[in-house]
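Structure file final_19.cif; described as mmCIF, C-alpha atoms, pLDDT in the B column; chains and numbers go by the auth columns.
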data_model
#
loop_
_atom_site.group_PDB
_atom_site.id
_atom_site.type_symbol
_atom_site.label_atom_id
_atom_site.label_comp_id
_atom_site.label_asym_id
_atom_site.label_seq_id
_atom_site.Cartn_x
_atom_site.Cartn_y
_atom_site.Cartn_z
_atom_site.B_iso_or_equiv
_atom_site.auth_seq_id
_atom_site.auth_asym_id
ATOM 1 C CA MET A 1 44.639 104.952 198.062 53.00 1 A
ATOM 2 C CA SER A 2 46.949 107.517 199.598 65.00 2 A
ATOM 3 C CA THR A 3 50.580 106.667 200.165 85.00 3 A
ATOM 4 C CA LYS A 4 50.254 107.055 203.937 85.00 4 A
ATOM 5 C CA ALA A 5 47.271 104.708 204.080 88.00 5 A
ATOM 6 C CA PHE A 6 49.098 102.190 201.867 87.00 6 A
ATOM 7 C CA LYS A 7 52.158 102.264 204.142 86.00 7 A
ATOM 8 C CA GLN A 8 49.990 101.854 207.242 89.00 8 A
ATOM 9 C CA GLU A 9 48.227 98.874 205.653 90.00 9 A
ATOM 10 C CA LYS A 10 51.579 97.302 204.785 90.00 10 A
ATOM 11 C CA ILE A 11 52.845 97.813 208.351 88.00 11 A
ATOM 12 C CA GLU A 12 49.702 96.192 209.774 90.00 12 A
ATOM 13 C CA LYS A 13 50.081 93.208 207.410 91.00 13 A
ATOM 14 C CA MET A 14 53.734 92.793 208.427 90.00 14 A
ATOM 15 C CA LYS A 15 52.893 93.136 212.139 90.00 15 A
ATOM 16 C CA SER A 16 50.353 90.371 211.723 89.00 16 A
ATOM 17 C CA ASP A 17 52.910 88.212 209.903 90.00 17 A
ATOM 18 C CA PHE A 18 55.542 88.846 212.598 90.00 18 A
ATOM 19 C CA GLN A 19 53.034 87.796 215.286 90.00 19 A
ATOM 20 C CA LYS A 20 52.044 84.575 213.489 89.00 20 A
ATOM 21 C CA ALA A 21 55.507 83.636 212.202 90.00 21 A
ATOM 22 C CA LYS A 22 57.801 81.091 213.811 90.00 22 A
ATOM 23 C CA VAL A 23 60.778 82.166 211.698 92.00 23 A
ATOM 24 C CA ALA A 24 61.692 85.105 209.466 93.00 24 A
ATOM 25 C CA VAL A 25 64.480 85.034 206.874 93.00 25 A
ATOM 26 C CA VAL A 26 65.715 88.393 205.580 93.00 26 A
ATOM 27 C CA THR A 27 67.134 88.384 202.061 92.00 27 A
ATOM 28 C CA GLU A 28 68.554 90.870 199.652 91.00 28 A
ATOM 29 C CA TYR A 29 66.474 90.562 196.512 82.00 29 A
ATOM 30 C CA LYS A 30 68.529 92.733 194.169 83.00 30 A
ATOM 31 C CA GLY A 31 68.524 91.308 190.659 83.00 31 A
ATOM 32 C CA PHE A 32 65.399 89.162 190.980 87.00 32 A
ATOM 33 C CA THR A 33 62.821 89.467 188.248 87.00 33 A
ATOM 34 C CA VAL A 34 59.120 89.686 189.047 89.00 34 A
ATOM 35 C CA GLU A 35 58.705 86.164 187.668 91.00 35 A
ATOM 36 C CA GLU A 36 61.454 84.813 189.952 90.00 36 A
ATOM 37 C CA ILE A 37 59.939 86.462 193.032 90.00 37 A
ATOM 38 C CA THR A 38 56.529 85.087 192.077 91.00 38 A
ATOM 39 C CA ASN A 39 57.973 81.573 191.728 91.00 39 A
ATOM 40 C CA LEU A 40 59.738 81.877 195.087 91.00 40 A
ATOM 41 C CA ARG A 41 56.536 83.136 196.715 92.00 41 A
ATOM 42 C CA ARG A 42 54.596 80.156 195.282 93.00 42 A
ATOM 43 C CA GLU A 43 57.180 77.680 196.578 91.00 43 A
ATOM 44 C CA LEU A 44 57.022 79.264 200.020 91.00 44 A
ATOM 45 C CA GLN A 45 53.210 79.277 200.041 92.00 45 A
ATOM 46 C CA LYS A 46 53.225 75.506 199.500 91.00 46 A
ATOM 47 C CA GLU A 47 55.026 75.255 202.859 89.00 47 A
ATOM 48 C CA ASN A 48 52.735 77.660 204.777 91.00 48 A
ATOM 49 C CA SER A 49 55.160 80.559 204.337 92.00 49 A
ATOM 50 C CA ASP A 50 55.139 83.944 202.626 92.00 50 A
ATOM 51 C CA TYR A 51 57.632 86.297 200.969 92.00 51 A
ATOM 52 C CA MET A 52 57.258 90.055 201.161 91.00 52 A
ATOM 53 C CA VAL A 53 59.372 92.766 199.555 90.00 53 A
ATOM 54 C CA THR A 54 59.398 95.779 201.859 89.00 54 A
ATOM 55 C CA LYS A 55 61.065 99.023 202.806 90.00 55 A
ATOM 56 C CA ASN A 56 63.474 98.978 205.732 90.00 56 A
ATOM 57 C CA THR A 57 61.659 101.634 207.762 90.00 57 A
ATOM 58 C CA LEU A 58 58.330 99.824 207.390 91.00 58 A
ATOM 59 C CA ALA A 59 59.923 96.530 208.457 91.00 59 A
ATOM 60 C CA LYS A 60 61.460 98.175 211.548 91.00 60 A
ATOM 61 C CA LEU A 61 58.110 99.693 212.524 91.00 61 A
ATOM 62 C CA ALA A 62 56.315 96.369 212.034 91.00 62 A
ATOM 63 C CA ALA A 63 58.902 94.337 213.977 90.00 63 A
ATOM 64 C CA LYS A 64 58.853 96.707 216.948 89.00 64 A
ATOM 65 C CA GLY A 65 57.788 94.899 220.120 87.00 65 A
ATOM 66 C CA SER A 66 57.949 91.404 218.583 88.00 66 A
ATOM 67 C CA ASP A 67 60.502 88.587 218.860 87.00 67 A
ATOM 68 C CA PHE A 68 61.694 89.656 215.417 91.00 68 A
ATOM 69 C CA GLU A 69 62.926 93.069 216.553 89.00 69 A
ATOM 70 C CA VAL A 70 66.398 91.457 216.635 91.00 70 A
ATOM 71 C CA LEU A 71 66.323 91.700 212.821 91.00 71 A
ATOM 72 C CA ASN A 72 66.397 95.525 212.822 90.00 72 A
ATOM 73 C CA ASP A 73 70.142 95.626 212.034 89.00 73 A
ATOM 74 C CA THR A 74 69.568 93.443 208.969 89.00 74 A
ATOM 75 C CA PHE A 75 67.045 95.858 207.444 90.00 75 A
ATOM 76 C CA LYS A 76 69.498 97.607 205.100 89.00 76 A
ATOM 77 C CA GLY A 77 69.376 97.906 201.330 87.00 77 A
ATOM 78 C CA PRO A 78 66.744 96.266 199.149 90.00 78 A
ATOM 79 C CA ILE A 79 65.229 93.558 201.367 91.00 79 A
ATOM 80 C CA ALA A 80 62.495 90.983 201.380 92.00 80 A
ATOM 81 C CA ILE A 81 61.356 88.821 204.269 93.00 81 A
ATOM 82 C CA ALA A 82 60.340 85.171 204.115 93.00 82 A
ATOM 83 C CA PHE A 83 57.928 84.411 206.957 93.00 83 A
ATOM 84 C CA GLY A 84 57.475 80.807 208.101 92.00 84 A
ATOM 85 C CA PHE A 85 54.187 80.033 209.830 91.00 85 A
ATOM 86 C CA GLY A 86 54.542 76.242 210.030 86.00 86 A
ATOM 87 C CA ASP A 87 57.835 74.422 209.725 83.00 87 A
ATOM 88 C CA GLU A 88 60.754 76.540 210.976 86.00 88 A
ATOM 89 C CA VAL A 89 63.209 74.977 208.524 88.00 89 A
ATOM 90 C CA ALA A 90 61.167 75.208 205.292 88.00 90 A
ATOM 91 C CA PRO A 91 61.573 78.957 204.540 91.00 91 A
ATOM 92 C CA ALA A 92 65.340 78.848 205.075 90.00 92 A
ATOM 93 C CA LYS A 93 65.596 75.701 202.946 91.00 93 A
ATOM 94 C CA ILE A 94 63.521 77.128 200.072 91.00 94 A
ATOM 95 C CA VAL A 95 65.206 80.549 200.064 92.00 95 A
ATOM 96 C CA THR A 96 68.711 79.021 200.252 91.00 96 A
ATOM 97 C CA LYS A 97 67.966 76.675 197.337 91.00 97 A
ATOM 98 C CA PHE A 98 66.419 79.519 195.335 92.00 98 A
ATOM 99 C CA ILE A 99 69.464 81.773 195.815 90.00 99 A
ATOM 100 C CA LYS A 100 71.827 78.940 194.834 90.00 100 A
ATOM 101 C CA ASP A 101 69.762 78.138 191.727 89.00 101 A
ATOM 102 C CA THR A 102 69.374 81.735 190.510 88.00 102 A
ATOM 103 C CA LYS A 103 72.805 82.913 191.696 87.00 103 A
ATOM 104 C CA LYS A 104 71.094 86.174 192.676 86.00 104 A
ATOM 105 C CA GLY A 105 70.374 87.785 196.004 86.00 105 A
ATOM 106 C CA GLU A 106 71.741 86.828 199.359 89.00 106 A
ATOM 107 C CA ILE A 107 70.575 85.784 202.812 90.00 107 A
ATOM 108 C CA ILE A 108 71.230 88.607 205.256 91.00 108 A
ATOM 109 C CA GLY A 109 69.941 87.051 208.459 89.00 109 A
ATOM 110 C CA CYS A 110 67.240 85.083 210.170 91.00 110 A
ATOM 111 C CA ALA A 111 65.327 85.226 213.438 91.00 111 A
ATOM 112 C CA LEU A 112 64.178 82.091 215.220 89.00 112 A
ATOM 113 C CA ASP A 113 62.806 81.990 218.776 83.00 113 A
ATOM 114 C CA GLY A 114 63.829 85.621 219.348 83.00 114 A
ATOM 115 C CA LYS A 115 67.445 84.954 218.382 89.00 115 A
ATOM 116 C CA LEU A 116 69.292 86.463 215.440 89.00 116 A
ATOM 117 C CA LEU A 117 71.007 83.909 213.215 88.00 117 A
ATOM 118 C CA SER A 118 73.836 84.849 210.870 86.00 118 A
ATOM 119 C CA LYS A 119 73.967 83.926 207.195 84.00 119 A
ATOM 120 C CA SER A 120 76.029 80.798 207.919 86.00 120 A
ATOM 121 C CA GLU A 121 73.722 79.754 210.773 87.00 121 A
ATOM 122 C CA THR A 122 70.730 80.238 208.477 85.00 122 A
ATOM 123 C CA GLU A 123 72.372 77.989 205.871 85.00 123 A
ATOM 124 C CA LYS A 124 72.951 75.366 208.589 84.00 124 A
ATOM 125 C CA LEU A 125 69.277 75.682 209.560 85.00 125 A
ATOM 126 C CA ALA A 126 68.396 75.099 205.899 84.00 126 A
ATOM 127 C CA SER A 127 70.417 71.864 205.872 82.00 127 A
ATOM 128 C CA LEU A 128 68.357 70.373 208.723 81.00 128 A
ATOM 129 C CA PRO A 129 65.677 67.836 207.828 79.00 129 A
ATOM 130 C CA SER A 130 62.073 69.065 207.719 74.00 130 A
ATOM 131 C CA LYS A 131 59.528 68.185 210.416 73.00 131 A
ATOM 132 C CA GLN A 132 58.030 65.479 208.186 76.00 132 A
ATOM 133 C CA GLU A 133 61.463 63.879 207.683 77.00 133 A
ATOM 134 C CA LEU A 134 62.134 63.980 211.433 74.00 134 A
ATOM 135 C CA TYR A 135 58.727 62.451 212.193 77.00 135 A
ATOM 136 C CA ALA A 136 59.414 59.660 209.699 79.00 136 A
ATOM 137 C CA LYS A 137 62.827 58.952 211.250 76.00 137 A
ATOM 138 C CA MET A 138 61.339 58.962 214.744 79.00 138 A
ATOM 139 C CA LEU A 139 58.565 56.599 213.683 76.00 139 A
ATOM 140 C CA GLY A 140 61.173 54.325 212.105 75.00 140 A
ATOM 141 C CA CYS A 141 63.145 54.269 215.370 74.00 141 A
ATOM 142 C CA VAL A 142 60.023 53.480 217.380 74.00 142 A
ATOM 143 C CA ASN A 143 58.841 50.865 214.884 67.00 143 A
ATOM 144 C CA SER A 144 62.227 49.134 214.515 68.00 144 A
ATOM 145 C CA PRO A 145 62.324 47.349 217.923 71.00 145 A
ATOM 146 C CA ALA A 146 58.738 46.127 217.500 66.00 146 A
ATOM 147 C CA THR A 147 59.571 44.756 214.060 69.00 147 A
ATOM 148 C CA GLY A 148 62.646 43.007 215.522 68.00 148 A
ATOM 149 C CA ILE A 149 60.599 41.375 218.286 72.00 149 A
ATOM 150 C CA VAL A 150 57.962 40.172 215.824 68.00 150 A
ATOM 151 C CA GLY A 151 60.699 38.742 213.583 72.00 151 A
ATOM 152 C CA SER A 152 62.348 36.935 216.527 72.00 152 A
ATOM 153 C CA LEU A 153 59.058 35.467 217.731 70.00 153 A
ATOM 154 C CA ASN A 154 58.240 34.368 214.202 73.00 154 A
ATOM 155 C CA ALA A 155 61.625 32.642 213.874 74.00 155 A
ATOM 156 C CA VAL A 156 61.139 30.795 217.204 71.00 156 A
ATOM 157 C CA MET A 157 57.629 29.694 216.227 75.00 157 A
ATOM 158 C CA SER A 158 58.835 28.524 212.799 76.00 158 A
ATOM 159 C CA SER A 159 61.617 26.483 214.401 75.00 159 A
ATOM 160 C CA LEU A 160 59.161 24.932 216.841 71.00 160 A
ATOM 161 C CA VAL A 161 56.740 23.998 214.035 75.00 161 A
ATOM 162 C CA ARG A 162 59.571 22.467 211.997 79.00 162 A
ATOM 163 C CA ALA A 163 60.786 20.467 215.023 77.00 163 A
ATOM 164 C CA ILE A 164 57.272 19.146 215.743 81.00 164 A
ATOM 165 C CA ASP A 165 56.847 18.308 212.044 78.00 165 A
ATOM 166 C CA ALA A 166 60.170 16.426 212.037 79.00 166 A
ATOM 167 C CA VAL A 167 59.204 14.443 215.148 79.00 167 A
ATOM 168 C CA ALA A 168 55.792 13.617 213.603 80.00 168 A
ATOM 169 C CA LYS A 169 57.436 12.392 210.373 82.00 169 A
ATOM 170 C CA LYS A 170 59.956 10.304 212.333 80.00 170 A
ATOM 171 C CA LYS A 171 57.208 8.612 214.372 80.00 171 A
ATOM 172 C CA SER A 172 55.060 7.884 211.327 78.00 172 A
ATOM 173 C CA ALA A 173 57.980 6.282 209.518 66.00 173 A
#
Take the structure in this file and express it as structure tokens.
Amino acid sequence: MSTKAFKQEKIEKMKSDFQKAKVAVVTEYKGFTVEEITNLRRELQKENSDYMVTKNTLAKLAAKGSDFEVLNDTFKGPIAIAFGFGDEVAPAKIVTKFIKDTKKGEIIGCALDGKLLSKSETEKLASLPSKQELYAKMLGCVNSPATGIVGSLNAVMSSLVRAIDAVAKKKSA
């Protein structure tokens, strides 16, 4: 395959990813081994995300016209992009943990809803609970009042049964 055709294919793949993605996290990958990148990619794929090492010029061409064009200033040096297609928090969370564990690389920036987030904002995004955790908390909040009402009704009914039982025992005695 010619170099030009390969580059065009890579741009098309990235364009497609930019169109489908809800979030994109740009990282510097300097110092990562192939094995480490493969492990990171596998972790991201578990969360409906992907990780792509790319050239800056190709990334700029692919991002052109999308919500992720705000990332153009972050495309400097050796970069890789983590695309999140499902949960917006998962890629930031996984990449942040990976960088802390390996002590290599760095988060350069992130784009979410057409807005550029700084490194510190991306780390704050990573500290948010995932969608599943939020759903569980919401369900707990919704379920809690119902559980309280059932418990109160049960206590009233139990007291009534005990009172009737006491009256019945008193009359039979």
- Message: One decimal, in Å: what's the spacing between CA of Pro91 in chain A and CA of Lys7 in chain A?
- Response: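 A separation of 25.1 Å between them.
Pairwise distance (CA of Val156 in chain A, CA of Lys170 in chain A) equals 21.1 Å.
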- Shortest interatomic distance to Ser49 in chain A - which of A:Val34, A:Cys110, A:Leu139, A:Ala24, counting all atoms listed in the file: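 Among A:Val34, A:Cys110, A:Leu139, A:Ala24, it is A:Ala24 that comes nearest to Ser49 in chain A.
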Please list, as a compact mmCIF listing (two decimals) with C-alpha atoms, in the coordinates of the input, the residues that have an atom at most 12 Å away from (60.1, 101.4, 205.0) in the coordinates of this file, counting all atoms listed in the file.
# COMPACT_ATOMS: atom_id res chain seq x y z
CA THR A 3 50.58 106.67 200.16
CA LYS A 4 50.25 107.06 203.94
CA PHE A 6 49.10 102.19 201.87
CA LYS A 7 52.16 102.26 204.14
CA GLN A 8 49.99 101.85 207.24
CA LYS A 10 51.58 97.30 204.78
CA ILE A 11 52.84 97.81 208.35
CA MET A 14 53.73 92.79 208.43
CA VAL A 53 59.37 92.77 199.56
CA THR A 54 59.40 95.78 201.86
CA LYS A 55 61.06 99.02 202.81
CA ASN A 56 63.47 98.98 205.73
CA THR A 57 61.66 101.63 207.76
CA LEU A 58 58.33 99.82 207.39
CA ALA A 59 59.92 96.53 208.46
CA LYS A 60 61.46 98.18 211.55
CA LEU A 61 58.11 99.69 212.52
CA ALA A 62 56.32 96.37 212.03
CA ALA A 63 58.90 94.34 213.98
CA ASN A 72 66.40 95.52 212.82
CA PHE A 75 67.04 95.86 207.44
CA LYS A 76 69.50 97.61 205.10
CA GLY A 77 69.38 97.91 201.33
CA PRO A 78 66.74 96.27 199.15
CA ILE A 79 65.23 93.56 201.37
CA ALA A 80 62.50 90.98 201.38
- Message: Need the shell around Leu112 in chain A: protein/DNA/RNA residues with any atom at most 9 Å away, counting all atoms listed in the file. Skip same-chain ones fewer than 4 positions apart. Format as a list in words?
- Response: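 Once the nearby chain positions are removed, what remains is Lys22, Val23, Ala24, Val25, Asp67, Phe68, Glu88, Leu116 and Leu117 of chain A.
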- Task: Work out how far CA of Asp73 in chain A is from CA of Gln19 in chain A, in Å to one decimal.
- Result: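 Distance between the two atoms: 19.1 Å.
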